[in-house]
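As stored in final12.txt (compact mmCIF, C-alpha atoms (C1' of nucleotides)):
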```txt
# COMPACT_ATOMS: atom_id res chain seq x y z
CA MET H 1 0.00 0.00 0.00
CA ALA H 2 2.82 2.28 -0.90
CA ASP H 3 1.66 5.49 -2.38
CA GLU H 4 -1.35 4.79 -4.54
CA GLN H 5 -3.70 7.59 -5.35
CA ALA H 6 -7.44 7.35 -5.36
CA PRO H 7 -9.10 9.06 -8.31
CA ASP H 8 -9.94 12.09 -6.23
CA GLY H 9 -6.41 12.50 -5.03
CA THR H 10 -7.05 10.88 -1.68
CA ARG H 11 -4.00 9.13 -0.35
CA SER H 12 -4.96 5.58 0.27
CA GLY H 13 -3.30 4.78 3.49
CA ARG H 14 -6.88 4.18 4.41
CA ASP H 15 -8.81 1.04 4.85
CA GLU H 16 -10.85 1.55 1.73
CA GLU H 17 -13.04 -1.36 2.56
CA ALA H 18 -13.92 0.10 5.93
CA VAL H 19 -14.67 3.42 4.29
CA LEU H 20 -17.00 1.65 1.90
CA ARG H 21 -18.76 0.06 4.82
CA PHE H 22 -19.10 3.41 6.52
CA VAL H 23 -20.61 4.90 3.37
CA GLU H 24 -23.17 2.14 3.20
CA ARG H 25 -23.96 2.28 6.87
CA PHE H 26 -24.44 6.01 7.12
CA ALA H 27 -26.32 6.15 3.84
CA SER H 28 -28.67 3.57 5.28
CA SER H 29 -29.51 5.70 8.27
CA LEU H 30 -30.26 8.57 5.94
CA ALA H 31 -32.44 6.30 3.84
CA ASP H 32 -34.26 5.30 7.00
CA THR H 33 -35.44 8.87 7.40
CA GLY H 34 -36.82 9.09 3.91
CA TRP H 35 -33.87 9.75 1.63
CA PRO H 36 -33.85 7.95 -1.71
CA ARG H 37 -31.36 5.14 -1.31
CA MET H 38 -29.16 5.96 -4.25
CA ALA H 39 -29.07 9.66 -3.48
CA ALA H 40 -28.00 8.88 0.06
CA ARG H 41 -25.20 6.60 -1.10
CA VAL H 42 -23.90 9.10 -3.63
CA PHE H 43 -24.02 11.92 -1.13
CA VAL H 44 -22.15 10.05 1.57
CA ALA H 45 -19.60 8.81 -0.93
CA LEU H 46 -18.88 12.42 -1.83
CA LEU H 47 -18.70 13.43 1.82
CA ALA H 48 -16.05 10.80 2.39
CA THR H 49 -13.62 12.03 -0.25
CA ASP H 50 -10.87 14.52 0.44
CA SER H 51 -11.59 16.50 -2.68
CA GLY H 52 -15.34 16.50 -2.02
CA ALA H 53 -15.97 15.70 -5.64
CA LEU H 54 -16.19 12.66 -7.89
CA THR H 55 -17.10 11.98 -11.48
CA ALA H 56 -20.11 9.98 -12.51
CA ALA H 57 -17.86 7.12 -13.59
CA GLU H 58 -16.12 7.02 -10.21
CA LEU H 59 -19.42 7.00 -8.37
CA SER H 60 -20.78 4.33 -10.66
CA ASP H 61 -17.68 2.25 -10.08
CA GLU H 62 -17.34 2.69 -6.34
CA LEU H 63 -20.97 2.12 -5.53
CA ARG H 64 -21.51 -0.54 -8.18
CA ILE H 65 -24.51 1.18 -9.67
CA SER H 66 -25.43 2.00 -13.24
CA PRO H 67 -24.69 5.41 -14.79
CA ALA H 68 -28.43 5.90 -14.95
CA ALA H 69 -28.72 5.52 -11.21
CA VAL H 70 -25.93 8.05 -10.73
CA SER H 71 -27.72 10.42 -13.05
CA GLY H 72 -30.96 10.11 -11.12
CA ALA H 73 -29.32 10.48 -7.73
CA VAL H 74 -27.35 13.50 -8.85
CA ARG H 75 -30.39 15.14 -10.33
CA TYR H 76 -32.15 14.75 -7.00
CA LEU H 77 -29.19 16.07 -5.01
CA THR H 78 -28.65 19.09 -7.21
CA GLN H 79 -32.33 19.96 -7.06
CA ILE H 80 -32.18 20.28 -3.31
CA ASP H 81 -28.84 22.08 -3.51
CA LEU H 82 -26.84 19.48 -1.70
CA VAL H 83 -24.52 18.86 -4.61
CA SER H 84 -23.29 21.06 -7.42
CA ARG H 85 -22.21 20.06 -10.87
CA GLU H 86 -19.07 21.42 -12.43
CA ARG H 87 -16.98 20.59 -15.42
CA ASP H 88 -13.72 18.86 -14.73
CA PRO H 89 -11.27 21.29 -16.33
CA GLY H 90 -9.34 19.93 -19.27
CA THR H 91 -11.56 16.92 -19.66
CA ARG H 92 -15.04 16.24 -20.82
CA ARG H 93 -16.35 14.80 -17.61
CA ASP H 94 -18.64 16.41 -15.10
CA LEU H 95 -17.61 16.60 -11.50
CA TYR H 96 -20.16 16.36 -8.74
CA ARG H 97 -19.19 18.29 -5.67
CA VAL H 98 -20.62 18.33 -2.20
CA GLU H 99 -20.99 21.87 -0.91
CA ASN H 100 -19.19 22.74 2.26
CA ASP H 101 -22.35 24.10 3.77
CA ALA H 102 -24.44 21.30 2.35
CA TRP H 103 -26.42 20.55 5.48
CA GLN H 104 -27.36 24.13 6.11
CA GLY H 105 -28.61 24.42 2.57
CA ALA H 106 -30.61 21.26 2.93
CA LEU H 107 -32.34 22.50 6.05
CA SER H 108 -32.88 25.94 4.56
CA SER H 109 -34.70 24.47 1.63
CA ARG H 110 -37.28 23.22 4.09
CA ASP H 111 -38.42 26.78 4.42
CA ALA H 112 -40.69 26.45 1.45
CA ALA H 113 -42.40 23.38 2.89
CA LEU H 114 -42.96 25.14 6.21
CA SER H 115 -44.59 28.12 4.54
CA LYS H 116 -46.76 25.89 2.44
CA TRP H 117 -47.89 23.98 5.49
CA ALA H 118 -48.66 27.14 7.38
CA ALA H 119 -50.74 28.45 4.51
CA GLY H 120 -52.64 25.20 4.24
CA LEU H 121 -53.37 25.17 7.95
CA LEU H 122 -54.68 28.73 7.91
CA GLU H 123 -56.93 27.83 5.04
CA GLY H 124 -58.31 24.98 7.12
CA ALA H 125 -58.75 27.21 10.14
CA ASP H 126 -60.77 29.59 8.06
CA LEU H 127 -62.93 26.77 6.82
CA LEU H 128 -63.63 25.46 10.30
CA GLY H 129 -64.22 28.85 11.77
CA PRO H 130 -61.27 30.63 13.35
CA ARG H 131 -62.90 30.70 16.75
CA THR H 132 -63.89 27.08 17.00
CA PRO H 133 -61.58 24.78 18.95
CA ALA H 134 -60.50 23.09 15.75
CA GLY H 135 -59.91 26.43 14.07
CA VAL H 136 -57.84 27.61 17.01
CA ARG H 137 -55.80 24.45 16.91
CA LEU H 138 -55.07 24.86 13.22
CA THR H 139 -54.24 28.53 13.59
CA GLU H 140 -51.84 27.77 16.38
CA SER H 141 -50.22 25.06 14.29
CA ALA H 142 -49.72 27.51 11.46
CA GLU H 143 -48.20 30.01 13.86
CA PHE H 144 -45.88 27.33 15.13
CA PHE H 145 -44.51 26.65 11.69
CA GLU H 146 -44.09 30.29 10.88
CA PHE H 147 -42.28 30.74 14.15
CA ILE H 148 -39.94 27.85 13.45
CA ARG H 149 -39.24 29.21 10.01
CA ARG H 150 -38.29 32.59 11.38
CA GLU H 151 -36.20 31.18 14.22
CA PHE H 152 -34.30 29.07 11.79
CA ASP H 153 -32.50 32.06 10.35
CA THR H 154 -31.26 33.03 13.80
CA VAL H 155 -30.04 29.54 14.52
CA MET H 156 -28.11 29.49 11.27
CA GLU H 157 -26.39 32.74 12.10
CA ARG H 158 -25.38 31.35 15.43
CA TRP H 159 -24.08 28.22 13.75
CA ILE H 160 -21.87 30.23 11.43
CA ALA H 161 -20.37 31.99 14.43
CA HIS H 162 -19.99 28.76 16.36
CA ARG H 163 -18.32 27.10 13.40
CA GLU H 164 -15.75 29.85 13.22
CA ASP H 165 -14.97 29.32 16.87
CA LEU H 166 -14.52 25.64 16.30
CA ARG H 167 -12.30 26.18 13.29
CA THR H 168 -9.92 28.56 14.99
CA ALA H 169 -9.86 26.32 18.04
CA ALA H 170 -8.95 23.40 15.82
CA GLU H 171 -5.79 25.04 14.54
CA PRO H 172 -3.21 24.12 17.18
CA THR H 173 -0.70 26.68 15.97
CA PRO H 174 -0.74 29.10 13.05
CA ASP H 175 1.77 26.72 11.57
CA LYS H 176 2.13 25.52 8.04
CA ALA H 177 -0.65 23.25 6.92
CA ASP H 178 0.42 19.83 8.02
CA ALA H 179 -2.82 17.95 7.57
CA ARG H 180 -2.47 18.29 3.83
CA PRO H 181 -0.66 15.29 2.36
CA SER H 182 -0.77 17.37 -0.82
CA GLY H 183 -0.67 14.39 -3.06
CA ALA H 184 -1.58 16.55 -6.04
CA MET U 1 -79.29 21.69 9.20
CA ALA U 2 -80.74 22.59 12.52
CA ASP U 3 -78.62 21.37 15.33
CA GLU U 4 -77.04 18.13 14.31
CA GLN U 5 -74.02 16.96 16.19
CA ALA U 6 -71.06 15.30 14.65
CA PRO U 7 -69.79 12.26 16.54
CA ASP U 8 -67.10 14.30 18.21
CA GLY U 9 -69.52 16.92 19.36
CA THR U 10 -68.65 19.35 16.61
CA ARG U 11 -71.58 21.50 15.68
CA SER U 12 -72.14 21.00 11.99
CA GLY U 13 -72.90 24.43 10.72
CA ARG U 14 -69.84 23.60 8.71
CA ASP U 15 -69.44 22.57 5.16
CA GLU U 16 -68.47 19.01 5.98
CA GLU U 17 -67.63 18.28 2.41
CA ALA U 18 -65.20 21.17 2.25
CA VAL U 19 -63.62 20.02 5.49
CA LEU U 20 -63.17 16.59 4.01
CA ARG U 21 -61.46 18.14 1.02
CA PHE U 22 -59.19 20.12 3.30
CA VAL U 23 -58.24 16.98 5.18
CA GLU U 24 -57.33 15.23 1.97
CA ARG U 25 -55.45 18.19 0.59
CA PHE U 26 -53.36 18.89 3.65
CA ALA U 27 -52.73 15.22 4.27
CA SER U 28 -51.40 15.03 0.75
CA SER U 29 -48.84 17.73 1.34
CA LEU U 30 -47.70 15.87 4.42
CA ALA U 31 -47.48 12.68 2.42
CA ASP U 32 -45.39 14.53 -0.13
CA THR U 33 -42.74 15.05 2.52
CA GLY U 34 -42.55 11.41 3.42
CA TRP U 35 -45.46 10.75 5.76
CA PRO U 36 -47.28 7.45 5.32
CA ARG U 37 -50.49 8.33 3.50
CA MET U 38 -52.92 6.81 5.94
CA ALA U 39 -51.15 8.24 8.97
CA ALA U 40 -51.30 11.68 7.42
CA ARG U 41 -55.01 11.39 6.71
CA VAL U 42 -55.82 10.16 10.20
CA PHE U 43 -53.73 12.85 11.80
CA VAL U 44 -55.28 15.70 9.83
CA ALA U 45 -58.75 14.31 10.41
CA LEU U 46 -58.09 14.50 14.14
CA LEU U 47 -56.67 18.00 13.85
CA ALA U 48 -59.86 19.13 12.19
CA THR U 49 -62.20 18.05 14.97
CA ASP U 50 -63.23 20.29 17.84
CA SER U 51 -62.74 17.60 20.41
CA GLY U 52 -59.39 16.59 18.96
CA ALA U 53 -60.33 12.95 19.27
CA LEU U 54 -62.14 10.30 17.28
CA THR U 55 -62.79 6.60 17.62
CA ALA U 56 -61.41 4.03 15.24
CA ALA U 57 -64.87 3.51 13.81
CA GLU U 58 -65.35 7.20 13.13
CA LEU U 59 -62.01 7.43 11.42
CA SER U 60 -62.69 4.34 9.41
CA ASP U 61 -66.02 5.76 8.38
CA GLU U 62 -64.97 9.30 7.61
CA LEU U 63 -61.89 8.38 5.65
CA ARG U 64 -63.40 5.29 4.04
CA ILE U 65 -60.58 3.04 5.10
CA SER U 66 -60.54 -0.36 6.75
CA PRO U 67 -60.15 -0.82 10.51
CA ALA U 68 -56.82 -2.42 9.76
CA ALA U 69 -55.62 0.72 8.06
CA VAL U 70 -56.73 2.79 11.05
CA SER U 71 -54.91 0.44 13.35
CA GLY U 72 -51.71 0.74 11.36
CA ALA U 73 -51.91 4.51 11.07
CA VAL U 74 -52.62 4.91 14.75
CA ARG U 75 -49.78 2.65 15.73
CA TYR U 76 -47.44 4.79 13.66
CA LEU U 77 -48.77 8.04 15.10
CA THR U 78 -48.60 6.90 18.70
CA GLN U 79 -45.07 5.63 18.24
CA ILE U 80 -43.89 9.08 17.28
CA ASP U 81 -46.00 10.65 20.02
CA LEU U 82 -48.27 12.61 17.74
CA VAL U 83 -51.39 10.88 18.94
CA SER U 84 -52.37 9.33 22.24
CA ARG U 85 -54.77 6.52 22.87
CA GLU U 86 -57.35 6.69 25.62
CA ARG U 87 -60.41 4.75 26.58
CA ASP U 88 -63.72 6.39 25.82
CA PRO U 89 -65.26 6.46 29.30
CA GLY U 90 -68.36 4.38 29.71
CA THR U 91 -67.85 2.51 26.48
CA ARG U 92 -65.49 -0.08 25.22
CA ARG U 93 -64.06 1.95 22.41
CA ASP U 94 -60.65 3.57 22.23
CA LEU U 95 -60.35 7.22 21.51
CA TYR U 96 -57.44 8.58 19.55
CA ARG U 97 -56.48 12.05 20.51
CA VAL U 98 -54.17 14.57 18.92
CA GLU U 99 -51.98 16.24 21.52
CA ASN U 100 -52.14 19.99 21.79
CA ASP U 101 -48.41 20.25 21.46
CA ALA U 102 -48.28 17.56 18.83
CA TRP U 103 -45.95 19.36 16.46
CA GLN U 104 -43.45 20.22 19.15
CA GLY U 105 -43.39 16.64 20.24
CA ALA U 106 -42.89 15.47 16.69
CA LEU U 107 -39.92 17.73 16.18
CA SER U 108 -38.48 16.88 19.57
CA SER U 109 -38.47 13.22 18.72
CA ARG U 110 -36.06 14.04 15.94
CA ASP U 111 -33.44 14.54 18.61
CA ALA U 112 -32.62 10.90 18.60
CA ALA U 113 -32.04 10.86 14.87
CA LEU U 114 -29.76 13.87 15.09
CA SER U 115 -27.64 12.27 17.77
CA LYS U 116 -27.44 9.07 15.85
CA TRP U 117 -26.31 10.90 12.74
CA ALA U 118 -23.70 12.85 14.64
CA ALA U 119 -22.32 9.66 16.13
CA GLY U 120 -22.19 7.99 12.74
CA LEU U 121 -20.38 10.94 11.22
CA LEU U 122 -17.77 11.02 13.96
CA GLU U 123 -17.18 7.36 13.44
CA GLY U 124 -16.55 8.05 9.77
CA ALA U 125 -14.25 10.95 10.57
CA ASP U 126 -12.20 8.69 12.76
CA LEU U 127 -11.96 6.14 10.01
CA LEU U 128 -10.81 8.65 7.43
CA GLY U 129 -8.39 10.34 9.75
CA PRO U 130 -9.65 13.31 11.73
CA ARG U 131 -7.12 15.64 10.13
CA THR U 132 -7.72 14.77 6.51
CA PRO U 133 -10.01 17.05 4.53
CA ALA U 134 -12.69 14.38 4.46
CA GLY U 135 -12.35 13.78 8.17
CA VAL U 136 -12.63 17.48 8.88
CA ARG U 137 -15.75 17.68 6.74
CA LEU U 138 -17.38 14.82 8.59
CA THR U 139 -16.40 16.19 11.97
CA GLU U 140 -17.86 19.55 11.10
CA SER U 141 -21.05 17.89 9.92
CA ALA U 142 -21.35 16.07 13.22
CA GLU U 143 -20.80 19.31 15.08
CA PHE U 144 -23.51 20.92 13.01
CA PHE U 145 -26.06 18.33 14.01
CA GLU U 146 -25.12 18.49 17.64
CA PHE U 147 -25.42 22.25 17.49
CA ILE U 148 -28.85 22.08 15.90
CA ARG U 149 -29.95 19.60 18.52
CA ARG U 150 -28.89 21.88 21.34
CA GLU U 151 -30.36 24.99 19.77
CA PHE U 152 -33.64 23.26 19.36
CA ASP U 153 -34.34 23.33 23.06
CA THR U 154 -33.91 27.09 23.10
CA VAL U 155 -36.18 27.56 20.15
CA MET U 156 -38.87 25.51 21.85
CA GLU U 157 -38.67 27.59 24.99
CA ARG U 158 -39.08 30.72 22.91
CA TRP U 159 -42.04 29.15 21.15
CA ILE U 160 -43.80 28.45 24.41
CA ALA U 161 -43.37 32.07 25.41
CA HIS U 162 -44.45 33.31 22.01
CA ARG U 163 -47.51 31.09 22.10
CA GLU U 164 -48.58 32.55 25.41
CA ASP U 165 -48.31 36.01 23.93
CA LEU U 166 -50.45 34.99 21.02
CA ARG U 167 -53.05 33.40 23.24
CA THR U 168 -53.49 36.36 25.51
CA ALA U 169 -53.57 38.65 22.51
CA ALA U 170 -56.29 36.49 21.00
CA GLU U 171 -58.62 37.00 23.95
CA PRO U 172 -60.57 40.16 23.04
CA THR U 173 -61.45 40.96 26.63
CA PRO U 174 -60.45 39.37 29.91
CA ASP U 175 -63.95 38.00 29.84
CA LYS U 176 -65.16 34.58 30.77
CA ALA U 177 -63.44 31.88 28.81
CA ASP U 178 -65.30 31.66 25.53
CA ALA U 179 -62.75 30.40 23.09
CA ARG U 180 -61.28 27.99 25.55
CA PRO U 181 -63.26 24.75 25.70
CA SER U 182 -60.04 23.55 27.29
CA GLY U 183 -58.62 21.02 24.88
CA ALA U 184 -57.53 18.99 27.85
C1' DC F 1 -68.65 -18.34 31.72
C1' DA F 2 -70.52 -17.53 27.42
C1' DC F 3 -71.42 -13.66 24.46
C1' DG F 4 -70.07 -9.98 21.62
C1' DA F 5 -68.07 -5.37 20.60
C1' DG F 6 -64.03 -3.65 19.32
C1' DA F 7 -59.07 -3.87 18.16
C1' DT F 8 -55.13 -6.30 16.09
C1' DT F 9 -52.62 -9.49 13.19
C1' DC F 10 -51.47 -11.78 8.97
C1' DA F 11 -51.33 -13.27 4.20
C1' DC F 12 -52.59 -11.80 -0.17
C1' DG F 13 -53.08 -8.68 -4.16
C1' DA F 14 -52.51 -4.22 -6.09
C1' DT F 15 -50.02 -0.11 -6.61
C1' DT F 16 -45.88 2.38 -6.59
C1' DT F 17 -41.00 2.94 -6.43
C1' DC F 18 -36.60 2.04 -8.07
C1' DG F 19 -32.50 0.51 -10.65
C1' DT F 20 -31.06 -1.34 -14.89
C1' DG F 21 -29.97 -1.78 -19.84
C1' DA F 22 -30.10 0.13 -24.18
C1' DA F 23 -31.04 3.64 -27.21
C1' DC F 24 -30.43 8.50 -27.75
C1' DA F 25 -28.36 13.13 -27.18
C1' DT F 26 -24.40 16.21 -26.66
C1' DA F 27 -20.05 17.93 -27.32
C1' DA F 28 -15.02 17.96 -27.90
C1' DT F 29 -11.27 16.40 -31.06
C1' DG F 30 -8.56 15.27 -35.10
C1' DC Y 1 -17.52 15.91 -40.43
C1' DA Y 2 -16.85 11.53 -38.49
C1' DT Y 3 -15.43 9.62 -34.14
C1' DT Y 4 -15.41 8.84 -29.46
C1' DA Y 5 -16.24 9.80 -24.75
C1' DT Y 6 -19.70 11.17 -21.57
C1' DG Y 7 -24.34 12.12 -19.74
C1' DT Y 8 -29.43 11.48 -20.09
C1' DT Y 9 -33.91 9.47 -21.15
C1' DC Y 10 -37.17 5.82 -21.32
C1' DA Y 11 -39.40 1.34 -21.02
C1' DC Y 12 -39.14 -2.76 -18.61
C1' DG Y 13 -38.80 -5.91 -14.68
C1' DA Y 14 -37.89 -6.53 -9.86
C1' DA Y 15 -38.70 -5.36 -5.26
C1' DA Y 16 -40.65 -2.95 -1.58
C1' DT Y 17 -44.88 -0.67 0.24
C1' DC Y 18 -49.47 -0.40 1.36
C1' DG Y 19 -54.39 -1.32 2.22
C1' DT Y 20 -57.74 -4.84 2.48
C1' DG Y 21 -60.40 -8.90 4.17
C1' DA Y 22 -60.73 -12.51 7.26
C1' DA Y 23 -59.34 -14.75 11.16
C1' DT Y 24 -57.78 -14.06 15.89
C1' DC Y 25 -57.39 -11.95 20.24
C1' DT Y 26 -58.95 -9.13 24.38
C1' DC Y 27 -61.88 -7.86 27.67
C1' DG Y 28 -66.07 -5.91 29.59
C1' DT Y 29 -70.85 -7.50 30.37
C1' DG Y 30 -75.05 -10.03 31.32
```
How would this structure read if it were set down as structure tokens?
Amino acid sequence: MADEQAPDGTRSGRDEEAVLRFVERFASSLADTGWPRMAARVFVALLATDSGALTAAELSDELRISPAAVSGAVRYLTQIDLVSRERDPGTRRDLYRVENDAWQGALSSRDAALSKWAAGLLEGADLLGPRTPAGVRLTESAEFFEFIRREFDTVMERWIAHREDLRTAAEPTPDKADARPSGA
Amino acid sequence: MADEQAPDGTRSGRDEEAVLRFVERFASSLADTGWPRMAARVFVALLATDSGALTAAELSDELRISPAAVSGAVRYLTQIDLVSRERDPGTRRDLYRVENDAWQGALSSRDAALSKWAAGLLEGADLLGPRTPAGVRLTESAEFFEFIRREFDTVMERWIAHREDLRTAAEPTPDKADARPSGA
DNA sequence: CACGAGATTCACGATTTCGTGAACATAATG
DNA sequence: CATTATGTTCACGAAATCGTGAATCTCGTG
């Protein structure tokens, strides 16, 4: 296991097999909460690369799925802004990249659903009579969702700040980058 | 349409057909985000009653589904603490009730999933090497989820306070309770 | 303690979802 | 402009999901 290079430039002093198992395991827990299986596998595979990006062929190969499955998974992931597509410079292949702030984006995109729910609930409250117990319950539900939606922005701001703290705390000394095998 | 009473005690000056349509429509948007169809319909049907509770027979009748389907939906809903089961006093029938703070409970129960995800991600980070780019990405993802989980408690506290504000504001005069049939 | 109302379980059939293979589309290169 | 490498679309078949009907179970009641 001398000095081989994975396609994404990752140094393979790693137990690739164990990584594969991790990808499958974590993708499964995502799938358990409603993610499409293939999308989950592709996403976690990207997360687990140093470069954060892979080509369709690499994904197809590593996960043992057809190019069509990769295409479908990637379409799903780009639609919800978890993954971006870019052209691999100098070649003809596309590169699928996981955004650094992928999770935040994923949660943010729930905003639309929350608003839609709130609107639907208010509609129902109106129908049932806003002052009936049922109408009150629906109105309060709508208010809950609107509240959550608004609070979310605040939480994200706090996360950004917290992340900065963590990052600076993680740098032991303002030394040269030493965690960069720089295989490139 | 003099003074008929729906089974849950709801006065039916309402357009029952329109309510039914609302139930189906809103249940559909829940289903679109991954809810089991029957569970969504049962849940919304309960939301739309004044008493907040219905028997299995009433649900089966109103939604035109089999008792088995009701049983399955209710099992799902009680497992995630969105609905509670109680015995209809004096009779032999169970009553399924939607909790007043149903939505909060539903979101709270996501805590477990968040923790599980964070743990899985840390495991992966360890595997990939905590100081490699991939390991850093996974660690940061885990930290994100833990952060969200912690923040959630705060948001809920603020919601409770905000809800009280809304409730007192909703009472036109400090009169006798008129919009509070006490959804106990 | 037998009866019966009501709830649950289980196997089956239908519907839907999902991944594949193959044809098709697109674009860079000589 | 033909060739080749790459990505996408579409119909098909497999597999999982879901709701039903019928049998089974539970427990209050006469």
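Atom CA of U:Val74 lies 11.6 Å from atom C1' of F:DT8.
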(request) Excluding U:Arg110 and residues on its chain fewer than 6 positions from it, collect all residues at most 12 Å away from it, counting only C-alpha atoms (C1' of nucleotides), and give them as a list in words. (result) Thr33 of chain H; Ile80, Asp81, Trp103, Gln104, Lys116, Trp117, Phe145, Glu146, Ile148, Arg149, Arg150, Phe152 and Asp153 of chain U
(message) Set the cut-off to 10 Å and count all atoms listed in the file: what are the residues of chain F that reach chain U? Output as a ChimeraX atom specification.
(response) /F:5-9
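Overlay of chain H onto chain U (least squares, all Cα atoms, paired in order); RMSD 2.0 Å.
Closest approach to chain U among H:Ala170, H:Leu47, H:Ala119, H:Val70 is made by H:Leu47 (distances from only C-alpha atoms).
If you look at atom CA of H:Ser51 and atom C1' of F:DA28, they are 25.5 Å away from each other.
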Please, what is the axis-aligned box for every listed atom of stretch 11-26 of chain H with 5 Å on each side, as centre and edge lengths in Å to one decimal, as AutoDock Vina command-line options?
```
--center_x -13.9 --center_y 3.9 --center_z 3.4 --size_x 31.1 --size_y 20.5 --size_z 17.5
```
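For the residues U:Leu77, U:Ala69, U:Gly120, U:Phe147, ranking by smallest atom-to-atom distance to Y:DC18 using only C-alpha atoms (C1' of nucleotides) places U:Ala69 first.
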(request) Tell me which of U:Glu24, U:Glu62, U:Glu140, U:Asp32 sits closest to H:His162, counting only C-alpha atoms. (result) U:Glu140
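Atom CA of H:Ala113 sits 20.2 Å away from atom CA of U:Ala48.
Shell of F:DG13 at 12 Å, with all atoms listed in the file counted and residues fewer than 5 places along the chain excluded, is DC18, DG19, DT20 and DG21 of chain Y.
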Quick one: which chain Y residues come within 10 Å of stretch 22-27 of chain F, and what is the nearest atom pair for each with the distance in Å to one decimal, counting only C-alpha atoms (C1' of nucleotides), rows ordered by chain and ascending number, as JSON lines?
```
{"residue": "Y:DA5", "atom": "C1'", "partner": "F:DA27", "partner_atom": "C1'", "distance": 9.3}
{"residue": "Y:DT6", "atom": "C1'", "partner": "F:DT26", "partner_atom": "C1'", "distance": 8.6}
{"residue": "Y:DG7", "atom": "C1'", "partner": "F:DT26", "partner_atom": "C1'", "distance": 8.0}
{"residue": "Y:DT8", "atom": "C1'", "partner": "F:DA25", "partner_atom": "C1'", "distance": 7.4}
{"residue": "Y:DT9", "atom": "C1'", "partner": "F:DC24", "partner_atom": "C1'", "distance": 7.5}
{"residue": "Y:DC10", "atom": "C1'", "partner": "F:DA23", "partner_atom": "C1'", "distance": 8.8}
{"residue": "Y:DA11", "atom": "C1'", "partner": "F:DA22", "partner_atom": "C1'", "distance": 9.9}
```
(request) Please report as number ranges by chain which residues of chain U come no farther than 6 Å from chain H, using only C-alpha atoms. (result) U: 48-50, 131-134
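Of the listed residues Y:DG30, Y:DT4, Y:DG13, Y:DA22, the one whose atoms come nearest to chain H is Y:DT4, with distances taken using all atoms listed in the file.
Residue nearest Y:DC12 within the list F:DC1, F:DC18, F:DT29, F:DC12: F:DC18 [criterion: smallest interatomic distance, only C-alpha atoms (C1' of nucleotides)].
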(message) At a cut-off of 8 Å, using only C-alpha atoms (C1' of nucleotides), what residues contact H:Arg85? Leave out same-chain residues fewer than 5 positions from it and give the result as an MDAnalysis selection string.
(response) chainID H and resid 78 94:97
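Distances to chain Y were evaluated for H:Leu20, H:Val42, H:Ala106, H:Thr55 using all atoms listed in the file, and the minimum falls at H:Thr55.
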Compute the distance from (-30.6, -1.9, -14.7) to each atom, counting all atoms listed in the file, keep the residues with any atom at most 9 Å away, and return them as a tab-separated table (two decimals) with C-alpha atoms (C1' of nucleotides), keeping the file's coordinate frame; use the coordinates of the file.
```
chain	number	residue	atom	x	y	z
H	65	ILE	CA	-24.51	1.18	-9.67
H	66	SER	CA	-25.43	2.00	-13.24
H	68	ALA	CA	-28.43	5.90	-14.95
H	69	ALA	CA	-28.72	5.52	-11.21
F	19	DG	C1'	-32.50	0.51	-10.65
F	20	DT	C1'	-31.06	-1.34	-14.89
F	21	DG	C1'	-29.97	-1.78	-19.84
```
